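Source file target27.tsv; content: TSV, C-alpha atoms.
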chain	number	residue	atom	x	y	z
Q	1	MET	CA	59.90	-32.99	21.65
Q	2	GLY	CA	58.44	-33.10	25.14
Q	3	ALA	CA	58.34	-29.38	25.99
Q	4	MET	CA	55.55	-28.66	28.43
Q	5	GLU	CA	54.44	-25.42	26.86
Q	6	ARG	CA	53.28	-26.93	23.62
Q	7	PRO	CA	49.61	-27.47	22.84
Q	8	THR	CA	48.13	-30.94	23.16
Q	9	ASP	CA	45.24	-32.71	21.49
Q	10	HIS	CA	42.37	-34.61	23.14
Q	11	ARG	CA	44.64	-37.63	23.67
Q	12	GLY	CA	47.25	-35.55	25.48
Q	13	SER	CA	49.61	-35.77	22.51
Q	14	GLU	CA	51.75	-32.77	21.76
Q	15	VAL	CA	50.60	-30.96	18.62
Q	16	LEU	CA	53.45	-30.16	16.26
Q	17	SER	CA	53.56	-26.80	14.55
Q	18	ARG	CA	53.33	-26.58	10.79
Q	19	GLU	CA	56.99	-25.54	10.73
Q	20	GLU	CA	57.98	-28.69	12.63
Q	21	CYS	CA	55.88	-30.84	10.29
Q	22	ASP	CA	57.54	-29.25	7.24
Q	23	ARG	CA	61.00	-29.81	8.74
Q	24	LEU	CA	60.21	-33.50	9.41
Q	25	LEU	CA	58.79	-33.91	5.89
Q	26	ASP	CA	61.97	-32.36	4.52
Q	27	SER	CA	64.30	-34.63	6.48
Q	28	ALA	CA	62.66	-38.06	6.17
Q	29	GLN	CA	63.12	-40.17	3.03
Q	30	VAL	CA	60.76	-43.08	3.51
Q	31	GLY	CA	57.05	-42.64	4.22
Q	32	ARG	CA	53.83	-44.51	3.60
Q	33	VAL	CA	50.87	-43.74	1.40
Q	34	ALA	CA	47.39	-45.08	2.06
Q	35	PHE	CA	44.58	-45.27	-0.46
Q	36	LEU	CA	41.42	-47.20	-1.13
Q	37	TYR	CA	41.75	-50.07	-3.61
Q	38	ALA	CA	38.93	-52.50	-4.40
Q	39	GLY	CA	37.13	-51.33	-1.28
Q	40	ASP	CA	40.04	-51.99	1.09
Q	41	PRO	CA	42.52	-49.54	2.54
Q	42	HIS	CA	46.09	-50.21	1.42
Q	43	ILE	CA	49.45	-48.94	2.70
Q	44	LEU	CA	52.63	-48.83	0.64
Q	45	PRO	CA	56.06	-47.61	1.74
Q	46	ILE	CA	57.68	-45.15	-0.66
Q	47	ASN	CA	60.90	-43.27	-1.08
Q	48	TYR	CA	59.80	-39.68	-1.43
Q	49	ARG	CA	60.84	-36.07	-1.50
Q	50	PHE	CA	58.85	-33.15	-0.11
Q	51	HIS	CA	58.96	-30.62	-2.92
Q	52	GLN	CA	56.94	-27.42	-3.26
Q	53	GLY	CA	54.32	-28.59	-0.80
Q	54	ALA	CA	53.87	-31.95	-2.48
Q	55	ILE	CA	55.00	-35.54	-1.89
Q	56	ILE	CA	56.92	-36.70	-4.96
Q	57	PHE	CA	57.64	-40.37	-5.61
Q	58	ARG	CA	58.06	-42.89	-8.38
Q	59	THR	CA	55.97	-45.94	-8.96
Q	60	THR	CA	55.39	-48.54	-11.63
Q	61	VAL	CA	52.56	-48.71	-14.10
Q	62	GLY	CA	50.57	-51.85	-13.51
Q	63	SER	CA	50.89	-51.81	-9.77
Q	64	LYS	CA	48.10	-50.87	-7.41
Q	65	MET	CA	49.28	-47.31	-7.94
Q	66	ASP	CA	48.73	-47.14	-11.68
Q	67	ALA	CA	48.00	-43.87	-13.42
Q	68	ALA	CA	44.27	-44.34	-13.83
Q	69	GLU	CA	43.96	-44.97	-10.12
Q	70	MET	CA	46.08	-42.05	-9.00
Q	71	HIS	CA	43.66	-39.15	-9.22
Q	72	ARG	CA	42.04	-39.57	-5.83
Q	73	ARG	CA	42.66	-38.77	-2.19
Q	74	PHE	CA	45.73	-40.21	-0.52
Q	75	ALA	CA	47.00	-40.16	3.00
Q	76	PHE	CA	50.74	-39.82	3.54
Q	77	GLU	CA	52.47	-40.52	6.84
Q	78	ILE	CA	55.95	-40.44	8.36
Q	79	ASP	CA	56.89	-41.30	11.91
Q	80	GLY	CA	59.80	-41.85	14.21
Q	81	TRP	CA	60.11	-43.77	17.44
Q	82	ASP	CA	62.95	-43.97	19.93
Q	83	ALA	CA	62.69	-47.22	21.88
Q	84	ASP	CA	65.10	-46.01	24.58
Q	85	SER	CA	63.25	-42.84	25.49
Q	86	GLY	CA	59.81	-44.17	24.62
Q	87	SER	CA	59.10	-41.03	22.63
Q	88	GLY	CA	57.87	-40.72	19.08
Q	89	TRP	CA	56.23	-38.46	16.57
Q	90	SER	CA	54.14	-38.74	13.43
Q	91	VAL	CA	53.09	-36.44	10.63
Q	92	LEU	CA	49.91	-37.19	8.67
Q	93	ALA	CA	48.99	-35.39	5.46
Q	94	HIS	CA	46.34	-35.67	2.77
Q	95	GLY	CA	45.98	-34.67	-0.83
Q	96	MET	CA	44.92	-35.60	-4.34
Q	97	GLY	CA	47.28	-37.78	-6.31
Q	98	GLU	CA	48.25	-37.23	-9.92
Q	99	ALA	CA	50.71	-38.60	-12.42
Q	100	VAL	CA	53.34	-36.09	-13.53
Q	101	THR	CA	53.81	-36.50	-17.27
Q	102	ASP	CA	54.72	-33.03	-18.54
Q	103	PRO	CA	58.34	-33.29	-19.81
Q	104	GLU	CA	59.42	-29.98	-18.26
Q	105	GLU	CA	58.02	-31.01	-14.92
Q	106	THR	CA	59.53	-34.49	-14.96
Q	107	ALA	CA	62.88	-33.03	-15.99
Q	108	ALA	CA	62.77	-30.84	-12.90
Q	109	LEU	CA	61.89	-33.82	-10.71
Q	110	GLU	CA	64.86	-35.81	-12.02
Q	111	GLY	CA	67.01	-33.40	-10.05
Q	112	LEU	CA	65.55	-34.57	-6.75
Q	113	GLY	CA	67.74	-37.69	-6.68
Q	114	LEU	CA	64.86	-40.06	-6.09
Q	115	VAL	CA	64.94	-43.76	-6.87
Q	116	SER	CA	61.92	-45.98	-6.63
Q	117	TRP	CA	61.52	-48.39	-3.75
Q	118	ALA	CA	61.50	-51.23	-6.27
Q	119	GLY	CA	64.86	-50.29	-7.72
Q	120	ASP	CA	63.97	-51.07	-11.34
Q	121	GLU	CA	63.53	-47.70	-12.95
Q	122	SER	CA	62.65	-48.88	-16.45
Q	123	GLU	CA	58.90	-48.68	-15.96
Q	124	ASP	CA	58.75	-45.96	-13.38
Q	125	MET	CA	56.50	-42.94	-13.54
Q	126	TRP	CA	56.47	-39.79	-11.46
Q	127	PHE	CA	53.61	-39.14	-9.11
Q	128	ARG	CA	52.69	-36.24	-6.92
Q	129	ILE	CA	50.40	-35.81	-3.94
Q	130	ALA	CA	49.67	-32.10	-3.55
Q	131	LEU	CA	49.13	-31.81	0.20
Q	132	ASP	CA	46.20	-29.76	1.44
Q	133	ASP	CA	46.24	-30.92	5.07
Q	134	ILE	CA	49.34	-31.49	7.22
Q	135	THR	CA	49.21	-32.30	10.95
Q	136	GLY	CA	51.72	-33.73	13.36
Q	137	ARG	CA	51.97	-34.91	16.93
Q	138	GLY	CA	54.73	-35.83	19.26
Q	139	VAL	CA	54.39	-38.42	21.98
Q	140	GLY	CA	56.47	-39.16	25.04
K	1	MET	CA	66.70	-60.78	1.32
K	2	GLY	CA	67.95	-60.70	-2.24
K	3	ALA	CA	68.15	-64.42	-2.99
K	4	MET	CA	67.73	-65.00	-6.70
K	5	GLU	CA	65.63	-68.14	-6.39
K	6	ARG	CA	62.69	-66.46	-4.74
K	7	PRO	CA	59.48	-65.64	-6.61
K	8	THR	CA	58.87	-62.07	-7.75
K	9	ASP	CA	55.74	-60.06	-8.39
K	10	HIS	CA	54.87	-58.01	-11.49
K	11	ARG	CA	57.11	-55.18	-10.26
K	12	GLY	CA	60.08	-57.48	-9.91
K	13	SER	CA	59.86	-57.36	-6.13
K	14	GLU	CA	60.70	-60.49	-4.22
K	15	VAL	CA	57.60	-62.11	-2.73
K	16	LEU	CA	58.06	-63.06	0.91
K	17	SER	CA	56.72	-66.36	2.16
K	18	ARG	CA	54.00	-66.47	4.76
K	19	GLU	CA	56.57	-67.78	7.25
K	20	GLU	CA	58.81	-64.76	6.60
K	21	CYS	CA	55.84	-62.40	6.99
K	22	ASP	CA	54.88	-64.02	10.30
K	23	ARG	CA	58.46	-63.75	11.54
K	24	LEU	CA	58.61	-60.05	10.63
K	25	LEU	CA	55.21	-59.43	12.27
K	26	ASP	CA	56.52	-61.18	15.39
K	27	SER	CA	59.71	-59.14	15.57
K	28	ALA	CA	58.55	-55.58	14.81
K	29	GLN	CA	56.94	-53.45	17.48
K	30	VAL	CA	55.73	-50.37	15.62
K	31	GLY	CA	53.45	-50.57	12.59
K	32	ARG	CA	50.81	-48.43	10.92
K	33	VAL	CA	47.09	-48.93	10.53
K	34	ALA	CA	45.09	-47.36	7.71
K	35	PHE	CA	41.34	-46.90	7.70
K	36	LEU	CA	38.73	-44.71	6.12
K	37	TYR	CA	37.49	-41.82	8.24
K	38	ALA	CA	35.07	-39.16	6.99
K	39	GLY	CA	35.78	-40.29	3.44
K	40	ASP	CA	39.55	-39.91	3.66
K	41	PRO	CA	42.18	-42.58	4.21
K	42	HIS	CA	44.09	-42.14	7.47
K	43	ILE	CA	47.31	-43.68	8.76
K	44	LEU	CA	48.25	-43.96	12.42
K	45	PRO	CA	51.41	-45.46	13.89
K	46	ILE	CA	50.81	-47.97	16.67
K	47	ASN	CA	52.74	-50.08	19.12
K	48	TYR	CA	51.44	-53.56	18.55
K	49	ARG	CA	51.89	-57.24	19.18
K	50	PHE	CA	51.17	-60.03	16.71
K	51	HIS	CA	49.17	-62.49	18.77
K	52	GLN	CA	47.23	-65.54	17.57
K	53	GLY	CA	47.04	-64.23	14.02
K	54	ALA	CA	45.82	-60.80	15.05
K	55	ILE	CA	47.30	-57.33	15.48
K	56	ILE	CA	46.73	-56.23	19.09
K	57	PHE	CA	47.09	-52.60	20.16
K	58	ARG	CA	45.72	-50.05	22.56
K	59	THR	CA	44.00	-46.84	21.67
K	60	THR	CA	41.98	-44.13	23.33
K	61	VAL	CA	38.24	-43.67	23.25
K	62	GLY	CA	37.43	-40.39	21.59
K	63	SER	CA	40.18	-40.55	19.03
K	64	LYS	CA	39.64	-41.37	15.37
K	65	MET	CA	39.89	-44.99	16.47
K	66	ASP	CA	36.93	-45.03	18.85
K	67	ALA	CA	35.00	-48.18	19.52
K	68	ALA	CA	32.03	-47.43	17.31
K	69	GLU	CA	34.34	-46.89	14.38
K	70	MET	CA	36.43	-49.98	14.88
K	71	HIS	CA	34.28	-52.69	13.33
K	72	ARG	CA	35.42	-52.25	9.76
K	73	ARG	CA	38.29	-53.20	7.47
K	74	PHE	CA	41.76	-52.03	8.35
K	75	ALA	CA	45.08	-52.26	6.62
K	76	PHE	CA	48.17	-52.89	8.74
K	77	GLU	CA	51.72	-52.42	7.51
K	78	ILE	CA	55.29	-52.78	8.74
K	79	ASP	CA	58.43	-52.09	6.78
K	80	GLY	CA	62.17	-51.81	7.06
K	81	TRP	CA	64.72	-50.01	4.96
K	82	ASP	CA	68.49	-50.08	5.04
K	83	ALA	CA	69.85	-46.87	3.53
K	84	ASP	CA	73.37	-48.31	3.14
K	85	SER	CA	72.40	-51.38	1.12
K	86	GLY	CA	69.38	-49.79	-0.53
K	87	SER	CA	67.27	-52.81	0.37
K	88	GLY	CA	63.96	-52.95	2.14
K	89	TRP	CA	60.89	-55.00	2.82
K	90	SER	CA	57.27	-54.49	3.72
K	91	VAL	CA	54.43	-56.61	5.00
K	92	LEU	CA	50.83	-55.58	4.32
K	93	ALA	CA	47.86	-57.22	6.02
K	94	HIS	CA	44.12	-56.68	6.22
K	95	GLY	CA	41.33	-57.57	8.60
K	96	MET	CA	38.26	-56.47	10.50
K	97	GLY	CA	38.83	-54.40	13.61
K	98	GLU	CA	37.05	-54.93	16.89
K	99	ALA	CA	37.28	-53.68	20.44
K	100	VAL	CA	38.27	-56.35	22.95
K	101	THR	CA	36.12	-55.87	26.05
K	102	ASP	CA	35.67	-59.36	27.49
K	103	PRO	CA	37.48	-59.34	30.89
K	104	GLU	CA	39.08	-62.75	30.37
K	105	GLU	CA	40.40	-61.72	26.99
K	106	THR	CA	41.74	-58.36	28.14
K	107	ALA	CA	43.39	-60.04	31.13
K	108	ALA	CA	45.23	-62.31	28.71
K	109	LEU	CA	46.29	-59.33	26.58
K	110	GLU	CA	47.72	-57.52	29.63
K	111	GLY	CA	50.46	-60.14	29.55
K	112	LEU	CA	51.70	-58.95	26.16
K	113	GLY	CA	53.59	-56.02	27.70
K	114	LEU	CA	52.04	-53.44	25.38
K	115	VAL	CA	51.84	-49.75	26.12
K	116	SER	CA	49.93	-47.33	23.97
K	117	TRP	CA	51.75	-44.96	21.66
K	118	ALA	CA	50.25	-42.06	23.59
K	119	GLY	CA	51.70	-43.21	26.91
K	120	ASP	CA	48.66	-42.26	29.00
K	121	GLU	CA	46.98	-45.56	29.77
K	122	SER	CA	44.09	-44.19	31.79
K	123	GLU	CA	41.64	-44.13	28.91
K	124	ASP	CA	43.04	-46.91	26.80
K	125	MET	CA	41.08	-49.74	25.30
K	126	TRP	CA	42.23	-52.94	23.68
K	127	PHE	CA	41.68	-53.45	19.98
K	128	ARG	CA	42.27	-56.34	17.66
K	129	ILE	CA	42.56	-56.66	13.90
K	130	ALA	CA	42.02	-60.32	13.02
K	131	LEU	CA	44.15	-60.67	9.87
K	132	ASP	CA	42.69	-62.54	6.92
K	133	ASP	CA	45.25	-61.48	4.32
K	134	ILE	CA	49.02	-61.19	4.84
K	135	THR	CA	51.49	-60.48	2.03
K	136	GLY	CA	55.07	-59.30	1.98
K	137	ARG	CA	57.75	-58.25	-0.43
K	138	GLY	CA	61.43	-57.59	-0.25
K	139	VAL	CA	63.20	-55.06	-2.41
K	140	GLY	CA	66.84	-54.56	-3.22
If you took the structure in this file and wrote it as structure tokens, what would it be?
Amino acid sequence: MGAMERPTDHRGSEVLSREECDRLLDSAQVGRVAFLYAGDPHILPINYRFHQGAIIFRTTVGSKMDAAEMHRRFAFEIDGWDADSGSGWSVLAHGMGEAVTDPEETAALEGLGLVSWAGDESEDMWFRIALDDITGRGVG
Amino acid sequence: MGAMERPTDHRGSEVLSREECDRLLDSAQVGRVAFLYAGDPHILPINYRFHQGAIIFRTTVGSKMDAAEMHRRFAFEIDGWDADSGSGWSVLAHGMGEAVTDPEETAALEGLGLVSWAGDESEDMWFRIALDDITGRGVG
């Protein structure tokens, strides 16, 4: 991703197009969400799918990501880094989180083939971050 | 990391010992920091070293991580995921951030062999997150 003709930001990092960001969001499977909890920022890795402009994942009621806490702003990030070439990229997105409880909607999400990071699906719920802000940069 | 005898959290995830967390922090090279900026959580990938209980990295003045913004709470996270075995782990830590400007201290940090994610070192500054809270879990 080091083509000279691409735009750069104030750090000199290559700015990825929205199409490139969408392609990377489509192809990755593990990302990280960040959110504020008890006044501190937190980061959790999640297995996710990028579906209809939203990050879809499963989580467990009772964790830091419980339903009552979900309706707020989240950051979502994916990145890749090649140690040999010293090049990397990252995509950062934001959106409001919400539990998905409607049976028709959850039935549709079952088809995405997602399993939760924790593996135990007995308590899992579906969550969605509807992204309103997606940016990416490449480095190296 | 699936040994049955290890303690688990409320999600059923294996709780990593502090020694395991320190070993993972020592061995990884890329992690992510999260912080609040303009009311939104943000996540940035960084090249880092774990040094004397702190996360050390370089960043550029003028970015979202500028010096005036650094003295606040950060989250720092590393994770690993093996798609074949379906197992993973993550370490989450917290601490106050601060710019490192003392010449003796920065001279010592030069020996860590760190380069910034952005590659251009001309504007880089040293930053430190002194960790006061380190937890880890293994999954799968």
For chain K, the closest of Q:Glu20, Q:Val100, Q:Phe127, Q:Pro45 counting only C-alpha atoms is Q:Pro45
Could you tell me which residues of chain Q sit within 6 Å of chain K when counting all atoms listed in the file, and give me the result as an MDAnalysis selection string?
chainID Q and resid 35 41:42 75 118 139
Could you superpose chain K on chain Q by least squares over every Cα, matched in sequence order, and send it back as a PDB file with C-alpha atoms, keeping the file's coordinate frame?
ATOM      1  CA  MET K   1      59.908 -33.071  21.741  1.00  0.00           C
ATOM      2  CA  GLY K   2      58.415 -33.133  25.207  1.00  0.00           C
ATOM      3  CA  ALA K   3      58.330 -29.416  25.994  1.00  0.00           C
ATOM      4  CA  MET K   4      55.559 -28.695  28.459  1.00  0.00           C
ATOM      5  CA  GLU K   5      54.460 -25.422  26.896  1.00  0.00           C
ATOM      6  CA  ARG K   6      53.293 -26.933  23.649  1.00  0.00           C
ATOM      7  CA  PRO K   7      49.614 -27.461  22.836  1.00  0.00           C
ATOM      8  CA  THR K   8      48.132 -30.941  23.169  1.00  0.00           C
ATOM      9  CA  ASP K   9      45.255 -32.699  21.472  1.00  0.00           C
ATOM     10  CA  HIS K  10      42.371 -34.585  23.114  1.00  0.00           C
ATOM     11  CA  ARG K  11      44.636 -37.606  23.646  1.00  0.00           C
ATOM     12  CA  GLY K  12      47.222 -35.539  25.456  1.00  0.00           C
ATOM     13  CA  SER K  13      49.605 -35.758  22.519  1.00  0.00           C
ATOM     14  CA  GLU K  14      51.742 -32.757  21.762  1.00  0.00           C
ATOM     15  CA  VAL K  15      50.594 -30.962  18.613  1.00  0.00           C
ATOM     16  CA  LEU K  16      53.460 -30.159  16.267  1.00  0.00           C
ATOM     17  CA  SER K  17      53.565 -26.810  14.529  1.00  0.00           C
ATOM     18  CA  ARG K  18      53.334 -26.582  10.779  1.00  0.00           C
ATOM     19  CA  GLU K  19      56.998 -25.538  10.715  1.00  0.00           C
ATOM     20  CA  GLU K  20      57.979 -28.692  12.627  1.00  0.00           C
ATOM     21  CA  CYS K  21      55.889 -30.841  10.270  1.00  0.00           C
ATOM     22  CA  ASP K  22      57.540 -29.257   7.226  1.00  0.00           C
ATOM     23  CA  ARG K  23      60.984 -29.823   8.724  1.00  0.00           C
ATOM     24  CA  LEU K  24      60.206 -33.495   9.397  1.00  0.00           C
ATOM     25  CA  LEU K  25      58.773 -33.916   5.875  1.00  0.00           C
ATOM     26  CA  ASP K  26      61.971 -32.362   4.508  1.00  0.00           C
ATOM     27  CA  SER K  27      64.282 -34.632   6.476  1.00  0.00           C
ATOM     28  CA  ALA K  28      62.655 -38.074   6.157  1.00  0.00           C
ATOM     29  CA  GLN K  29      63.119 -40.162   3.045  1.00  0.00           C
ATOM     30  CA  VAL K  30      60.747 -43.088   3.516  1.00  0.00           C
ATOM     31  CA  GLY K  31      57.043 -42.631   4.214  1.00  0.00           C
ATOM     32  CA  ARG K  32      53.820 -44.522   3.604  1.00  0.00           C
ATOM     33  CA  VAL K  33      50.864 -43.742   1.391  1.00  0.00           C
ATOM     34  CA  ALA K  34      47.375 -45.077   2.076  1.00  0.00           C
ATOM     35  CA  PHE K  35      44.583 -45.263  -0.462  1.00  0.00           C
ATOM     36  CA  LEU K  36      41.439 -47.209  -1.119  1.00  0.00           C
ATOM     37  CA  TYR K  37      41.747 -50.065  -3.596  1.00  0.00           C
ATOM     38  CA  ALA K  38      38.931 -52.503  -4.381  1.00  0.00           C
ATOM     39  CA  GLY K  39      37.138 -51.320  -1.256  1.00  0.00           C
ATOM     40  CA  ASP K  40      40.024 -51.979   1.119  1.00  0.00           C
ATOM     41  CA  PRO K  41      42.523 -49.525   2.562  1.00  0.00           C
ATOM     42  CA  HIS K  42      46.094 -50.201   1.438  1.00  0.00           C
ATOM     43  CA  ILE K  43      49.441 -48.938   2.704  1.00  0.00           C
ATOM     44  CA  LEU K  44      52.624 -48.839   0.650  1.00  0.00           C
ATOM     45  CA  PRO K  45      56.046 -47.617   1.742  1.00  0.00           C
ATOM     46  CA  ILE K  46      57.669 -45.156  -0.645  1.00  0.00           C
ATOM     47  CA  ASN K  47      60.896 -43.267  -1.090  1.00  0.00           C
ATOM     48  CA  TYR K  48      59.815 -39.686  -1.456  1.00  0.00           C
ATOM     49  CA  ARG K  49      60.842 -36.069  -1.518  1.00  0.00           C
ATOM     50  CA  PHE K  50      58.852 -33.160  -0.110  1.00  0.00           C
ATOM     51  CA  HIS K  51      58.958 -30.626  -2.913  1.00  0.00           C
ATOM     52  CA  GLN K  52      56.950 -27.408  -3.258  1.00  0.00           C
ATOM     53  CA  GLY K  53      54.316 -28.592  -0.806  1.00  0.00           C
ATOM     54  CA  ALA K  54      53.863 -31.954  -2.480  1.00  0.00           C
ATOM     55  CA  ILE K  55      54.982 -35.534  -1.890  1.00  0.00           C
ATOM     56  CA  ILE K  56      56.921 -36.699  -4.964  1.00  0.00           C
ATOM     57  CA  PHE K  57      57.639 -40.376  -5.606  1.00  0.00           C
ATOM     58  CA  ARG K  58      58.066 -42.892  -8.368  1.00  0.00           C
ATOM     59  CA  THR K  59      55.966 -45.941  -8.960  1.00  0.00           C
ATOM     60  CA  THR K  60      55.405 -48.546 -11.620  1.00  0.00           C
ATOM     61  CA  VAL K  61      52.572 -48.731 -14.100  1.00  0.00           C
ATOM     62  CA  GLY K  62      50.614 -51.892 -13.511  1.00  0.00           C
ATOM     63  CA  SER K  63      50.915 -51.854  -9.763  1.00  0.00           C
ATOM     64  CA  LYS K  64      48.107 -50.886  -7.409  1.00  0.00           C
ATOM     65  CA  MET K  65      49.301 -47.329  -7.954  1.00  0.00           C
ATOM     66  CA  ASP K  66      48.740 -47.147 -11.707  1.00  0.00           C
ATOM     67  CA  ALA K  67      48.009 -43.887 -13.420  1.00  0.00           C
ATOM     68  CA  ALA K  68      44.282 -44.352 -13.818  1.00  0.00           C
ATOM     69  CA  GLU K  69      43.958 -44.969 -10.113  1.00  0.00           C
ATOM     70  CA  MET K  70      46.058 -42.055  -8.987  1.00  0.00           C
ATOM     71  CA  HIS K  71      43.634 -39.150  -9.225  1.00  0.00           C
ATOM     72  CA  ARG K  72      42.027 -39.563  -5.837  1.00  0.00           C
ATOM     73  CA  ARG K  73      42.656 -38.755  -2.185  1.00  0.00           C
ATOM     74  CA  PHE K  74      45.710 -40.199  -0.520  1.00  0.00           C
ATOM     75  CA  ALA K  75      46.994 -40.158   3.003  1.00  0.00           C
ATOM     76  CA  PHE K  76      50.740 -39.819   3.546  1.00  0.00           C
ATOM     77  CA  GLU K  77      52.479 -40.507   6.838  1.00  0.00           C
ATOM     78  CA  ILE K  78      55.956 -40.444   8.353  1.00  0.00           C
ATOM     79  CA  ASP K  79      56.885 -41.300  11.900  1.00  0.00           C
ATOM     80  CA  GLY K  80      59.798 -41.859  14.212  1.00  0.00           C
ATOM     81  CA  TRP K  81      60.117 -43.775  17.435  1.00  0.00           C
ATOM     82  CA  ASP K  82      62.943 -43.981  19.924  1.00  0.00           C
ATOM     83  CA  ALA K  83      62.683 -47.233  21.870  1.00  0.00           C
ATOM     84  CA  ASP K  84      65.109 -46.041  24.574  1.00  0.00           C
ATOM     85  CA  SER K  85      63.260 -42.849  25.489  1.00  0.00           C
ATOM     86  CA  GLY K  86      59.812 -44.165  24.622  1.00  0.00           C
ATOM     87  CA  SER K  87      59.095 -41.029  22.614  1.00  0.00           C
ATOM     88  CA  GLY K  88      57.872 -40.703  19.077  1.00  0.00           C
ATOM     89  CA  TRP K  89      56.231 -38.457  16.557  1.00  0.00           C
ATOM     90  CA  SER K  90      54.145 -38.731  13.435  1.00  0.00           C
ATOM     91  CA  VAL K  91      53.082 -36.450  10.629  1.00  0.00           C
ATOM     92  CA  LEU K  92      49.905 -37.195   8.671  1.00  0.00           C
ATOM     93  CA  ALA K  93      48.996 -35.397   5.456  1.00  0.00           C
ATOM     94  CA  HIS K  94      46.347 -35.670   2.767  1.00  0.00           C
ATOM     95  CA  GLY K  95      45.973 -34.653  -0.847  1.00  0.00           C
ATOM     96  CA  MET K  96      44.922 -35.585  -4.351  1.00  0.00           C
ATOM     97  CA  GLY K  97      47.288 -37.784  -6.312  1.00  0.00           C
ATOM     98  CA  GLU K  98      48.236 -37.226  -9.917  1.00  0.00           C
ATOM     99  CA  ALA K  99      50.710 -38.597 -12.411  1.00  0.00           C
ATOM    100  CA  VAL K 100      53.329 -36.083 -13.520  1.00  0.00           C
ATOM    101  CA  THR K 101      53.810 -36.500 -17.270  1.00  0.00           C
ATOM    102  CA  ASP K 102      54.711 -33.032 -18.542  1.00  0.00           C
ATOM    103  CA  PRO K 103      58.334 -33.287 -19.825  1.00  0.00           C
ATOM    104  CA  GLU K 104      59.409 -29.988 -18.270  1.00  0.00           C
ATOM    105  CA  GLU K 105      58.018 -31.007 -14.915  1.00  0.00           C
ATOM    106  CA  THR K 106      59.530 -34.489 -14.947  1.00  0.00           C
ATOM    107  CA  ALA K 107      62.884 -33.025 -15.990  1.00  0.00           C
ATOM    108  CA  ALA K 108      62.767 -30.822 -12.904  1.00  0.00           C
ATOM    109  CA  LEU K 109      61.886 -33.804 -10.698  1.00  0.00           C
ATOM    110  CA  GLU K 110      64.861 -35.805 -12.027  1.00  0.00           C
ATOM    111  CA  GLY K 111      67.012 -33.390 -10.047  1.00  0.00           C
ATOM    112  CA  LEU K 112      65.544 -34.563  -6.744  1.00  0.00           C
ATOM    113  CA  GLY K 113      67.754 -37.668  -6.680  1.00  0.00           C
ATOM    114  CA  LEU K 114      64.859 -40.057  -6.086  1.00  0.00           C
ATOM    115  CA  VAL K 115      64.939 -43.743  -6.865  1.00  0.00           C
ATOM    116  CA  SER K 116      61.907 -45.952  -6.635  1.00  0.00           C
ATOM    117  CA  TRP K 117      61.507 -48.376  -3.767  1.00  0.00           C
ATOM    118  CA  ALA K 118      61.495 -51.217  -6.280  1.00  0.00           C
ATOM    119  CA  GLY K 119      64.886 -50.277  -7.716  1.00  0.00           C
ATOM    120  CA  ASP K 120      63.997 -51.067 -11.335  1.00  0.00           C
ATOM    121  CA  GLU K 121      63.529 -47.679 -12.949  1.00  0.00           C
ATOM    122  CA  SER K 122      62.671 -48.896 -16.426  1.00  0.00           C
ATOM    123  CA  GLU K 123      58.924 -48.691 -15.961  1.00  0.00           C
ATOM    124  CA  ASP K 124      58.732 -45.957 -13.387  1.00  0.00           C
ATOM    125  CA  MET K 125      56.490 -42.948 -13.530  1.00  0.00           C
ATOM    126  CA  TRP K 126      56.476 -39.792 -11.474  1.00  0.00           C
ATOM    127  CA  PHE K 127      53.611 -39.131  -9.106  1.00  0.00           C
ATOM    128  CA  ARG K 128      52.691 -36.223  -6.921  1.00  0.00           C
ATOM    129  CA  ILE K 129      50.388 -35.810  -3.946  1.00  0.00           C
ATOM    130  CA  ALA K 130      49.668 -32.096  -3.565  1.00  0.00           C
ATOM    131  CA  LEU K 131      49.129 -31.805   0.205  1.00  0.00           C
ATOM    132  CA  ASP K 132      46.204 -29.746   1.442  1.00  0.00           C
ATOM    133  CA  ASP K 133      46.248 -30.909   5.059  1.00  0.00           C
ATOM    134  CA  ILE K 134      49.343 -31.487   7.215  1.00  0.00           C
ATOM    135  CA  THR K 135      49.205 -32.289  10.935  1.00  0.00           C
ATOM    136  CA  GLY K 136      51.711 -33.723  13.359  1.00  0.00           C
ATOM    137  CA  ARG K 137      51.972 -34.891  16.917  1.00  0.00           C
ATOM    138  CA  GLY K 138      54.745 -35.821  19.253  1.00  0.00           C
ATOM    139  CA  VAL K 139      54.398 -38.406  21.973  1.00  0.00           C
ATOM    140  CA  GLY K 140      56.484 -39.144  25.015  1.00  0.00           C
TER     141      GLY K 140
END
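Neighbouring residues of Gly53 in chain K at 10 Å or closer, counting only C-alpha atoms and skipping chain neighbours under 4 positions away, are K:Asp22, K:Leu25, K:Arg49, K:Arg128, K:Ile129, K:Ala130, K:Leu131, K:Asp132, K:Ile134.
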Ranking K:Leu24, K:Thr135, K:His71, K:Phe50 by minimum distance to Leu109 in chain K and counting all atoms listed in the file, which one comes first?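 Under the stated criterion, the closest residue is K:Phe50.
With distances taken over all atoms listed in the file, K:Ile56 is the one residue among K:Asp84, K:Ile56, K:Gly136, K:Glu19 lying closest to Glu105 in chain K.
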Proximity to Ser27 in chain K - best of K:Tyr48, K:Leu114, K:Thr106, K:Thr101, all atoms listed in the file =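 Of all the options, K:Tyr48 lies closest to Ser27 in chain K.
As for CA of Phe57 in chain K and CA of Gly113 in chain K, they are spaced 10.5 Å apart.
The spacing separating CA of Pro7 in chain K from CA of Gln52 in chain K amounts to 27.1 Å.
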note - CA of Ala38 in chain Q and CA of Ala99 in chain K are separated by 24.9 Å
